[in-house]
$ cat model-v7.tsv   # TSV, C-alpha atoms
chain	number	residue	atom	x	y	z
J	1420	GLU	CA	53.31	-92.84	130.70
J	1421	SER	CA	50.72	-94.01	128.14
J	1422	LEU	CA	52.63	-92.28	125.32
J	1423	ARG	CA	55.86	-93.86	126.49
J	1424	SER	CA	54.22	-97.29	126.35
J	1425	LEU	CA	53.57	-96.75	122.63
J	1426	ALA	CA	57.20	-95.95	121.81
J	1427	PRO	CA	58.50	-97.76	118.67
J	1428	GLY	CA	61.17	-99.51	120.71
J	1429	ARG	CA	58.48	-101.52	122.49
J	1430	PHE	CA	57.34	-103.06	119.20
J	1431	PHE	CA	60.47	-103.05	117.00
J	1432	PHE	CA	63.97	-104.09	117.94
J	1433	LEU	CA	66.15	-101.53	116.20
J	1434	PHE	CA	69.30	-103.67	116.11
J	1435	SER	CA	67.41	-106.30	114.10
J	1436	LEU	CA	66.15	-103.82	111.51
J	1437	ALA	CA	69.24	-104.02	109.29
J	1438	ILE	CA	69.01	-107.76	108.76
J	1439	ALA	CA	65.21	-107.55	108.56
J	1440	LEU	CA	65.62	-105.15	105.62
J	1441	ILE	CA	67.38	-107.97	103.77
J	1442	ALA	CA	64.45	-110.25	104.59
J	1443	LEU	CA	62.09	-107.61	103.18
J	1444	ARG	CA	63.74	-108.13	99.83
J	1445	GLY	CA	63.16	-111.86	100.22
J	1446	GLY	CA	59.46	-111.12	100.50
J	1447	VAL	CA	59.58	-109.09	97.29
J	1448	TRP	CA	61.24	-111.94	95.36
J	1449	TYR	CA	58.86	-114.58	96.65
J	1450	SER	CA	55.70	-112.55	96.10
J	1451	SER	CA	56.73	-111.51	92.60
J	1452	VAL	CA	57.11	-115.16	91.59
J	1453	LEU	CA	53.96	-116.26	93.37
J	1454	SER	CA	51.81	-113.48	91.91
J	1455	PHE	CA	52.95	-113.41	88.30
J	1456	LEU	CA	54.33	-116.84	87.43
J	1457	GLY	CA	51.09	-118.21	86.00
J	1458	GLU	CA	50.50	-115.28	83.67
J	1459	TYR	CA	54.19	-115.08	82.85
J	1460	THR	CA	54.41	-118.71	81.76
J	1461	SER	CA	51.21	-118.25	79.73
J	1462	SER	CA	52.74	-115.28	77.95
J	1463	LEU	CA	55.75	-117.47	77.12
J	1464	GLY	CA	53.56	-120.33	75.93
J	1465	LEU	CA	54.90	-122.60	78.69
J	1466	SER	CA	51.93	-122.84	81.05
J	1467	GLY	CA	51.11	-126.39	80.00
J	1468	GLY	CA	54.68	-127.69	80.24
J	1469	ILE	CA	56.60	-129.18	83.12
J	1470	GLY	CA	58.28	-125.83	83.83
J	1471	GLY	CA	55.06	-124.17	84.86
J	1472	SER	CA	53.56	-127.30	86.43
J	1473	TRP	CA	56.58	-128.37	88.48
J	1474	PHE	CA	58.04	-124.95	89.25
J	1475	PHE	CA	56.94	-124.80	92.88
J	1476	LEU	CA	57.84	-128.45	93.49
J	1477	PHE	CA	61.43	-127.72	92.46
J	1478	PHE	CA	61.36	-124.48	94.43
J	1479	ALA	CA	60.11	-126.25	97.56
J	1480	ALA	CA	62.69	-129.04	97.25
J	1481	THR	CA	65.74	-126.77	97.32
J	1482	SER	CA	64.15	-124.45	99.88
J	1483	PHE	CA	63.59	-127.44	102.17
J	1484	LEU	CA	67.11	-128.82	101.65
J	1485	SER	CA	68.83	-125.48	102.11
J	1486	ARG	CA	67.52	-124.76	105.61
J	1487	PRO	CA	69.45	-127.43	107.60
J	1488	LEU	CA	72.66	-126.44	105.80
J	1489	THR	CA	71.94	-122.79	106.57
J	1490	GLY	CA	71.65	-123.51	110.29
J	1491	HIS	CA	74.90	-125.47	110.32
J	1492	LEU	CA	76.83	-122.77	108.47
J	1493	LEU	CA	75.44	-120.01	110.68
J	1494	ASP	CA	76.62	-121.80	113.79
J	1495	SER	CA	80.04	-122.74	112.45
J	1496	ARG	CA	80.98	-120.05	109.90
J	1497	GLY	CA	78.92	-116.97	110.76
J	1498	GLY	CA	76.30	-114.98	108.88
J	1499	SER	CA	78.12	-113.49	105.89
J	1500	ILE	CA	79.12	-116.89	104.49
J	1501	VAL	CA	75.41	-117.60	104.20
J	1502	ILE	CA	73.90	-114.24	103.25
J	1503	TYR	CA	76.18	-113.29	100.34
J	1504	PRO	CA	75.79	-116.57	98.38
J	1505	ALA	CA	72.02	-116.56	99.00
J	1506	LEU	CA	71.69	-113.07	97.54
J	1507	VAL	CA	73.80	-114.06	94.55
J	1508	LEU	CA	71.60	-117.12	93.97
J	1509	LEU	CA	68.48	-114.97	94.13
J	1510	SER	CA	69.88	-112.49	91.65
J	1511	ILE	CA	70.90	-115.24	89.21
J	1512	SER	CA	67.57	-117.04	89.57
J	1513	MET	CA	65.60	-113.89	88.78
J	1514	ALA	CA	67.83	-113.13	85.79
J	1515	ILE	CA	67.23	-116.66	84.47
J	1516	LEU	CA	63.48	-116.30	84.94
J	1517	ALA	CA	63.49	-112.91	83.21
J	1518	ALA	CA	65.14	-114.46	80.16
J	1519	ALA	CA	63.32	-117.82	80.34
J	1520	GLY	CA	62.25	-119.32	77.06
J	1521	SER	CA	62.02	-122.99	77.95
J	1522	ASP	CA	60.87	-125.38	80.66
J	1523	MET	CA	64.49	-126.10	81.55
J	1524	ALA	CA	65.14	-122.40	82.23
J	1525	LEU	CA	62.06	-122.17	84.44
J	1526	LEU	CA	63.07	-125.21	86.47
J	1527	THR	CA	66.67	-124.01	86.80
J	1528	GLY	CA	65.34	-120.69	88.06
J	1529	ALA	CA	63.07	-122.52	90.49
J	1530	LEU	CA	65.95	-124.55	91.94
J	1531	LEU	CA	68.15	-121.51	92.46
J	1532	LEU	CA	65.28	-119.42	93.78
J	1533	GLY	CA	64.32	-122.07	96.32
J	1534	ALA	CA	67.89	-122.36	97.57
J	1535	GLY	CA	68.29	-118.59	97.79
J	1536	TYR	CA	64.91	-117.84	99.34
J	1537	GLY	CA	65.04	-120.74	101.80
J	1538	THR	CA	68.49	-119.66	102.91
J	1539	ILE	CA	67.81	-115.93	103.16
J	1540	THR	CA	64.58	-116.24	105.15
J	1541	ALA	CA	65.97	-118.80	107.59
J	1542	ALA	CA	69.27	-116.95	108.03
J	1543	CYS	CA	67.72	-113.50	108.46
J	1544	HIS	CA	65.30	-114.84	111.04
J	1545	ALA	CA	68.07	-116.51	113.01
J	1546	LEU	CA	70.31	-113.44	112.82
J	1547	ALA	CA	67.51	-111.04	113.78
J	1548	VAL	CA	66.92	-113.09	116.93
J	1549	HIS	CA	70.66	-113.43	117.50
J	1550	CYS	CA	70.96	-109.62	117.67
J	1551	ALA	CA	68.51	-109.39	120.55
J	1552	PRO	CA	69.02	-109.99	124.26
J	1553	LEU	CA	66.92	-112.81	125.67
J	1554	ARG	CA	64.30	-110.43	127.07
J	1555	GLN	CA	63.62	-109.01	123.59
J	1556	VAL	CA	63.65	-112.13	121.41
J	1557	GLY	CA	59.91	-111.82	120.82
J	1558	VAL	CA	60.21	-108.21	119.65
J	1559	ALA	CA	63.13	-109.13	117.37
J	1560	THR	CA	61.08	-111.95	115.85
J	1561	SER	CA	58.11	-109.66	115.21
J	1562	THR	CA	60.44	-107.05	113.66
J	1563	TYR	CA	61.71	-109.66	111.22
J	1564	PHE	CA	58.24	-110.86	110.21
J	1565	VAL	CA	56.81	-107.35	109.87
J	1566	LEU	CA	59.43	-106.46	107.28
J	1567	LEU	CA	59.23	-109.83	105.54
J	1568	ASP	CA	55.44	-109.50	105.25
J	1569	LEU	CA	55.83	-105.91	104.09
J	1570	GLY	CA	57.97	-107.15	101.22
J	1571	ILE	CA	55.47	-109.88	100.37
J	1572	GLY	CA	52.63	-107.37	100.32
J	1573	ALA	CA	54.39	-104.51	98.55
J	1574	GLY	CA	56.26	-106.55	95.93
J	1575	PRO	CA	53.34	-107.44	93.64
J	1576	TYR	CA	51.93	-103.91	93.85
J	1577	LEU	CA	55.19	-102.11	93.11
J	1578	LEU	CA	56.59	-104.46	90.48
J	1579	GLY	CA	53.18	-105.28	89.02
J	1580	SER	CA	52.64	-101.63	88.14
J	1581	LEU	CA	55.38	-102.02	85.51
J	1582	VAL	CA	53.74	-104.97	83.73
J	1583	PRO	CA	51.25	-103.07	81.52
J	1584	ILE	CA	54.07	-101.04	79.98
J	1585	HIS	CA	57.05	-103.42	79.96
J	1586	GLY	CA	55.58	-106.93	80.18
J	1587	PHE	CA	56.05	-109.64	82.80
J	1588	SER	CA	59.77	-110.11	82.34
J	1589	ILE	CA	60.40	-106.66	83.87
J	1590	VAL	CA	59.17	-108.03	87.21
J	1591	TYR	CA	62.00	-110.56	87.34
J	1592	GLU	CA	64.58	-108.14	85.93
J	1593	CYS	CA	63.76	-105.66	88.70
J	1594	ALA	CA	63.83	-108.43	91.31
J	1595	ALA	CA	67.33	-109.39	90.12
J	1596	VAL	CA	68.47	-105.78	90.52
J	1597	ILE	CA	66.92	-105.65	94.00
J	1598	ALA	CA	68.98	-108.72	94.94
J	1599	VAL	CA	72.18	-107.03	93.75
J	1600	ILE	CA	71.27	-103.95	95.77
J	1601	GLY	CA	70.67	-106.28	98.72
J	1602	ILE	CA	74.30	-107.46	98.49
J	1603	LEU	CA	75.54	-103.87	98.67
J	1604	LEU	CA	73.09	-103.04	101.48
J	1605	TYR	CA	74.17	-106.01	103.57
J	1606	TYR	CA	77.82	-105.07	103.12
J	1607	LEU	CA	77.26	-101.43	104.08
J	1608	LEU	CA	75.03	-102.12	107.09
J	1609	LEU	CA	76.54	-105.32	108.47
J	1610	GLY	CA	79.26	-106.98	106.42
J	1611	ARG	CA	81.93	-104.30	106.65
J	1612	ARG	CA	81.29	-103.99	110.38
J	1613	ASN	CA	82.01	-107.71	110.82
J	1614	ARG	CA	78.70	-108.00	112.65
J	1615	PHE	CA	78.22	-111.71	111.98
J	1616	THR	CA	81.71	-113.15	112.02
J	1617	PRO	CA	82.04	-116.47	113.89
J	1618	GLU	CA	84.05	-114.76	116.63
J	1619	ARG	CA	81.53	-111.95	117.13
J	1620	MET	CA	78.61	-114.36	117.15
J	1621	GLN	CA	80.37	-116.55	119.71
J	1622	GLN	CA	80.86	-113.51	121.94
J	1623	ASP	CA	77.16	-112.71	121.63
J	1624	ARG	CA	76.26	-116.26	122.63
J	1625	ALA	CA	78.53	-116.00	125.67
J	1626	VAL	CA	76.75	-112.81	126.74
J	1627	LYS	CA	73.36	-114.48	126.43
J	1628	LEU	CA	74.59	-117.49	128.37
J	1629	ALA	CA	75.70	-115.14	131.13
J	1630	GLU	CA	72.22	-113.58	131.11
J	1631	THR	CA	70.65	-116.93	131.87
J	1632	LYS	CA	72.86	-117.35	134.92
J	1633	VAL	CA	72.01	-113.99	136.46

$ encode --input "model-v7.tsv" --output "C-alpha cells"
Amino acid sequence: ESLRSLAPGRFFFLFSLAIALIALRGGVWYSSVLSFLGEYTSSLGLSGGIGGSWFFLFFAATSFLSRPLTGHLLDSRGGSIVIYPALVLLSISMAILAAAGSDMALLTGALLLGAGYGTITAACHALAVHCAPLRQVGVATSTYFVLLDLGIGAGPYLLGSLVPIHGFSIVYECAAVIAVIGILLYYLLLGRRNRFTPERMQQDRAVKLAETKV
C-alpha cells in the first residue's frame, strides 16, 4: 500500500505531460535570455544602450498584453490557434537576438519574445489544467510547473556549456532551433490529434460541468 501511494500517477498527471513538454521549452528560452543577456550585450558593445537597459521592460510589456488575448483565443478558437503562433514568435525572436547588432534588434527581439513567452506559458498552463478532471486539477498544475521549472533550471546549464567554444550567440541560435522543434513536437503529440480544437474543448467543458452536478 505504501509503495502504491508513491506511484508517479499520484504526483504527475500523464495527460498533461505533452503540453507541459512545450512549457519546458518556454523555460529554456526564458532562462537563456535571463542568464546570458547582460554578458551577451556586453560582448556586442551594447550594454550601455537602450537595448540592454530597456530589454526587460519591452519584454514585460508584450508579455503582459498577450495574456488576456491568449485567454480569449483559447476559449473561443481552441489551443492550436494560440500555440503555433507563439512558437513561431519565439523562434523568430531568438533568431533576431542571435544576429543582433543594434539596440533596435535587441528591442525587437524583446517584444517578440515577450509576446511568445507570455502566450506559451499562459496557454500551456490553461491547457494542462483543461486536460485534467476536476479532482486532479492540482496534480495537473504541479505537472506543468515541474516541467516549466525544469526548463528554467536546465536551460542555462545546457546552453551555457556551448558559450566557451562558440560564443554567446550560439545560446540564442540553439533556442531558436528548440522553438522550431517545439512546433513539430506539438503537432505530433497534440495538433494532429485535434486535441485542442474548439469542439473538443467544448466537449471537455461539458464533461467537467457534468462532474460538478454529480

$ atom_distance --input "model-v7.tsv" --atom1 "CA of Phe1615 (chain J)" --atom2 "CA of Leu1546 (chain J)"
8.1 Å

$ residues_around --input "model-v7.tsv" --residues "region 1483-1499 of chain J" --least-positions-apart "6" --cutoff "8 Å" --atoms "all atoms listed in the file" --output "JSON, numbers by chain"
{"J": [1533, 1534, 1537, 1538, 1541, 1542, 1546, 1610, 1615, 1616, 1617, 1620]}

$ residues_around --input "model-v7.tsv" --residues "region 1583-1595 of chain J" --least-positions-apart "4" --cutoff "10 Å" --atoms "all atoms listed in the file" --output "PyMOL selection string"
chain J and resi 1444-1445+1447-1449+1451-1452+1455-1456+1458-1460+1462-1463+1506-1519+1574-1575+1577-1579+1599-1601

$ atom_distance --input "model-v7.tsv" --atom1 "CA of Thr1631 (chain J)" --atom2 "CA of Ala1545 (chain J)"
19.0 Å

$ axis_aligned_box --input "model-v7.tsv" --around "region 1539-1549 of chain J" --padding-each-side "4 Å" --output "AutoDock Vina command-line options"
--center_x 67.6 --center_y -114.9 --center_z 110.3 --size_x 14.1 --size_y 15.8 --size_z 22.3

$ closest_residue --input "model-v7.tsv" --among "J:Leu1604, J:Ile1469, J:Leu1581, J:Ala1505" --to "Tyr1536 (chain J)" --atoms "all atoms listed in the file"
J:Ala1505
